[in-house]
$ cat protein-v2.cif   # mmCIF, C-alpha atoms, pLDDT in the B column; chains and numbers go by the auth columns
data_coords
loop_
_atom_site.group_PDB
_atom_site.id
_atom_site.type_symbol
_atom_site.label_atom_id
_atom_site.label_comp_id
_atom_site.label_asym_id
_atom_site.label_seq_id
_atom_site.Cartn_x
_atom_site.Cartn_y
_atom_site.Cartn_z
_atom_site.B_iso_or_equiv
_atom_site.auth_seq_id
_atom_site.auth_asym_id
ATOM 1 C CA MET A 1 -4.224 6.481 13.857 79.00 194 I
ATOM 2 C CA THR A 2 -3.629 5.863 10.173 94.00 195 I
ATOM 3 C CA PHE A 3 -3.781 3.004 7.713 98.00 196 I
ATOM 4 C CA VAL A 4 -0.681 1.263 6.381 98.00 197 I
ATOM 5 C CA VAL A 5 -0.028 -0.588 3.132 98.00 198 I
ATOM 6 C CA THR A 6 2.000 -3.719 3.856 98.00 199 I
ATOM 7 C CA ASP A 7 4.082 -6.414 2.161 98.00 200 I
ATOM 8 C CA ASN A 8 1.401 -8.109 0.081 98.00 201 I
ATOM 9 C CA CYS A 9 0.920 -5.002 -2.082 98.00 202 I
ATOM 10 C CA ILE A 10 4.454 -5.357 -3.476 98.00 203 I
ATOM 11 C CA LEU A 11 4.342 -6.641 -7.071 98.00 204 I
ATOM 12 C CA CYS A 12 0.523 -6.613 -7.017 97.00 205 I
ATOM 13 C CA LYS A 13 -0.280 -2.893 -6.678 97.00 206 I
ATOM 14 C CA TYR A 14 -4.027 -3.151 -7.037 97.00 207 I
ATOM 15 C CA THR A 15 -5.488 0.355 -6.989 98.00 208 I
ATOM 16 C CA ASP A 16 -9.068 -0.355 -5.920 97.00 209 I
ATOM 17 C CA CYS A 17 -8.198 1.390 -2.631 97.00 210 I
ATOM 18 C CA VAL A 18 -7.233 4.599 -4.425 98.00 211 I
ATOM 19 C CA GLU A 19 -10.645 4.870 -6.029 95.00 212 I
ATOM 20 C CA VAL A 20 -12.488 5.063 -2.691 97.00 213 I
ATOM 21 C CA CYS A 21 -10.105 7.362 -0.791 98.00 214 I
ATOM 22 C CA PRO A 22 -11.894 10.655 -0.050 97.00 215 I
ATOM 23 C CA VAL A 23 -8.671 12.581 0.667 97.00 216 I
ATOM 24 C CA ASP A 24 -6.307 11.193 -2.003 96.00 217 I
ATOM 25 C CA CYS A 25 -3.661 10.026 0.476 98.00 218 I
ATOM 26 C CA PHE A 26 -2.186 7.256 -1.712 98.00 219 I
ATOM 27 C CA TYR A 27 1.188 7.545 -3.388 98.00 220 I
ATOM 28 C CA GLU A 28 2.510 5.295 -6.136 98.00 221 I
ATOM 29 C CA GLY A 29 5.918 3.750 -6.606 98.00 222 I
ATOM 30 C CA PRO A 30 7.095 1.392 -9.328 98.00 223 I
ATOM 31 C CA ASN A 31 5.583 -1.724 -7.731 98.00 224 I
ATOM 32 C CA PHE A 32 3.917 -0.637 -4.474 98.00 225 I
ATOM 33 C CA LEU A 33 1.470 1.892 -3.046 98.00 226 I
ATOM 34 C CA VAL A 34 1.752 3.764 0.245 98.00 227 I
ATOM 35 C CA ILE A 35 -0.523 5.898 2.407 98.00 228 I
ATOM 36 C CA ASP A 36 0.625 9.266 3.705 98.00 229 I
ATOM 37 C CA PRO A 37 -0.130 9.128 7.446 98.00 230 I
ATOM 38 C CA ASP A 38 -0.424 12.920 7.636 97.00 231 I
ATOM 39 C CA GLU A 39 -3.196 12.937 5.034 97.00 232 I
ATOM 40 C CA CYS A 40 -5.068 9.775 6.024 98.00 233 I
ATOM 41 C CA ILE A 41 -8.275 10.561 7.918 97.00 234 I
ATOM 42 C CA ASP A 42 -8.752 7.006 9.191 96.00 235 I
ATOM 43 C CA CYS A 43 -12.010 6.532 7.337 97.00 236 I
ATOM 44 C CA ALA A 44 -11.248 2.825 6.740 97.00 237 I
ATOM 45 C CA LEU A 45 -12.803 2.829 3.258 98.00 238 I
ATOM 46 C CA CYS A 46 -9.632 1.528 1.626 98.00 239 I
ATOM 47 C CA GLU A 47 -9.090 -1.508 3.818 97.00 240 I
ATOM 48 C CA PRO A 48 -11.977 -3.685 2.549 97.00 241 I
ATOM 49 C CA GLU A 49 -11.364 -2.604 -1.067 97.00 242 I
ATOM 50 C CA CYS A 50 -7.852 -4.088 -1.248 97.00 243 I
ATOM 51 C CA PRO A 51 -8.044 -7.385 -3.180 96.00 244 I
ATOM 52 C CA ALA A 52 -4.676 -8.391 -1.710 97.00 245 I
ATOM 53 C CA ASN A 53 -5.669 -7.672 1.912 97.00 246 I
ATOM 54 C CA ALA A 54 -2.530 -5.544 2.258 98.00 247 I
ATOM 55 C CA ILE A 55 -3.999 -2.560 4.138 98.00 248 I
ATOM 56 C CA PHE A 56 -4.237 -2.498 7.928 98.00 249 I
ATOM 57 C CA SER A 57 -4.903 0.078 10.579 98.00 250 I
ATOM 58 C CA GLU A 58 -1.676 1.191 12.193 96.00 251 I
ATOM 59 C CA ASP A 59 -2.367 -0.741 15.389 96.00 252 I
ATOM 60 C CA GLU A 60 -3.207 -3.952 13.500 97.00 253 I
ATOM 61 C CA VAL A 61 -0.184 -4.243 11.194 98.00 254 I
ATOM 62 C CA PRO A 62 0.766 -7.936 11.142 97.00 255 I
ATOM 63 C CA LYS A 63 3.648 -9.057 13.300 96.00 256 I
ATOM 64 C CA GLY A 64 6.902 -8.815 11.407 96.00 257 I
ATOM 65 C CA GLN A 65 5.645 -6.049 9.108 97.00 258 I
ATOM 66 C CA GLU A 66 5.951 -3.121 11.505 97.00 259 I
ATOM 67 C CA GLU A 67 8.621 -1.524 9.306 97.00 260 I
ATOM 68 C CA PHE A 68 5.920 -0.755 6.744 98.00 261 I
ATOM 69 C CA THR A 69 4.515 1.973 8.983 98.00 262 I
ATOM 70 C CA GLN A 70 7.729 3.981 8.565 98.00 263 I
ATOM 71 C CA LEU A 71 8.093 2.952 4.905 98.00 264 I
ATOM 72 C CA ASN A 72 4.643 4.361 4.111 98.00 265 I
ATOM 73 C CA GLU A 73 5.545 7.644 5.780 98.00 266 I
ATOM 74 C CA ASP A 74 8.941 7.926 4.068 98.00 267 I
ATOM 75 C CA LEU A 75 7.903 6.873 0.561 98.00 268 I
ATOM 76 C CA ALA A 76 4.802 9.089 0.549 98.00 269 I
ATOM 77 C CA GLN A 77 7.222 12.026 0.654 98.00 270 I
ATOM 78 C CA LYS A 78 9.097 10.770 -2.437 98.00 271 I
ATOM 79 C CA TRP A 79 6.470 9.291 -4.722 98.00 272 I
ATOM 80 C CA PRO A 80 3.737 10.978 -6.776 98.00 273 I
ATOM 81 C CA ASN A 81 0.145 11.077 -5.606 98.00 274 I
ATOM 82 C CA ILE A 82 -2.283 8.662 -7.275 98.00 275 I
ATOM 83 C CA THR A 83 -5.978 9.535 -7.378 97.00 276 I
ATOM 84 C CA GLU A 84 -7.470 7.200 -9.980 96.00 277 I
ATOM 85 C CA MET A 85 -7.695 3.454 -10.349 95.00 278 I
ATOM 86 C CA LYS A 86 -5.236 1.807 -12.747 95.00 279 I
ATOM 87 C CA GLY A 87 -4.609 -1.770 -13.770 93.00 280 I
ATOM 88 C CA GLN A 88 -2.663 -3.978 -11.373 94.00 281 I
ATOM 89 C CA MET A 89 0.850 -5.262 -12.004 95.00 282 I
ATOM 90 C CA PRO A 90 1.054 -7.806 -14.866 95.00 283 I
ATOM 91 C CA GLU A 91 1.724 -10.769 -12.564 96.00 284 I
ATOM 92 C CA ALA A 92 -0.348 -9.565 -9.594 97.00 285 I
ATOM 93 C CA GLU A 93 -2.292 -12.801 -9.247 95.00 286 I
ATOM 94 C CA LYS A 94 0.938 -14.820 -9.163 97.00 287 I
ATOM 95 C CA TRP A 95 2.415 -12.620 -6.398 97.00 288 I
ATOM 96 C CA ASP A 96 -0.721 -12.172 -4.304 97.00 289 I
ATOM 97 C CA GLY A 97 -0.180 -14.075 -1.055 96.00 290 I
ATOM 98 C CA VAL A 98 3.566 -14.601 -1.454 97.00 291 I
ATOM 99 C CA GLU A 99 5.236 -13.738 1.845 94.00 292 I
ATOM 100 C CA GLY A 100 8.420 -11.745 2.366 95.00 293 I
ATOM 101 C CA LYS A 101 8.271 -9.576 -0.752 97.00 294 I
ATOM 102 C CA ILE A 102 10.033 -6.574 0.770 96.00 295 I
ATOM 103 C CA GLN A 103 13.197 -7.616 -1.045 97.00 296 I
ATOM 104 C CA TYR A 104 11.408 -6.783 -4.322 98.00 297 I
ATOM 105 C CA LEU A 105 10.276 -3.300 -3.268 98.00 298 I
ATOM 106 C CA GLU A 106 11.492 -0.735 -5.808 97.00 299 I
ATOM 107 C CA GLN A 107 12.028 2.665 -4.265 94.00 300 I
#
$ encode --input "protein-v2.cif" --output "structure tokens"
Amino acid sequence: MTFVVTDNCILCKYTDCVEVCPVDCFYEGPNFLVIDPDECIDCALCEPECPANAIFSEDEVPKGQEEFTQLNEDLAQKWPNITEMKGQMPEAEKWDGVEGKIQYLEQ
């Protein structure tokens, strides 16, 4: 099993989760983070650290967001690795909790 970053991370991109990851399995895009499922060791440290509650174990991804499992896998192969905490997106607080943000995902 692995952990998956889902819809609510889009346009927020808090990086608190990156700071606690012992294996550096996060990858950063323009406005979203993903977890490489081949690197994730299922430690669950990232899940409670996400201020946007956007990280779920693979078997608990919210209904309607199942496509994020494949998106995490695909985008982790394209984007650069991120290993240190950075500031969130400028309007993160405004976007936190907005549903259906996949249309804004920049790949």
$ resolve_selection --input "protein-v2.cif" --expression "the PyMOL selection byres ((chain I and resi 197) around 8)" --output "list in words"
Thr195, Phe196, Val198, Thr199, Val227, Ile228, Pro230, Ile248, Phe249, Ser250, Glu251, Val254, Phe261, Thr262 and Asn265 of chain I
$ residues_around --input "protein-v2.cif" --residues "range 266-283 of chain I" --least-positions-apart "2" --cutoff "12 Å" --atoms "all atoms listed in the file" --output "VMD selection string"
chain I and resid 195 to 198 202 to 233 242 to 245 251 260 to 264 285 to 289 298 to 300
$ atom_distance --input "protein-v2.cif" --atom1 "CA of Cys236 in chain I" --atom2 "CA of Pro255 in chain I"
19.7 Å
$ axis_aligned_box --input "protein-v2.cif" --around "range 251-256 of chain I" --padding-each-side "8 Å" --output "AutoDock Vina command-line options"
--center_x 0.2 --center_y -3.9 --center_z 13.3 --size_x 22.9 --size_y 26.2 --size_z 20.2
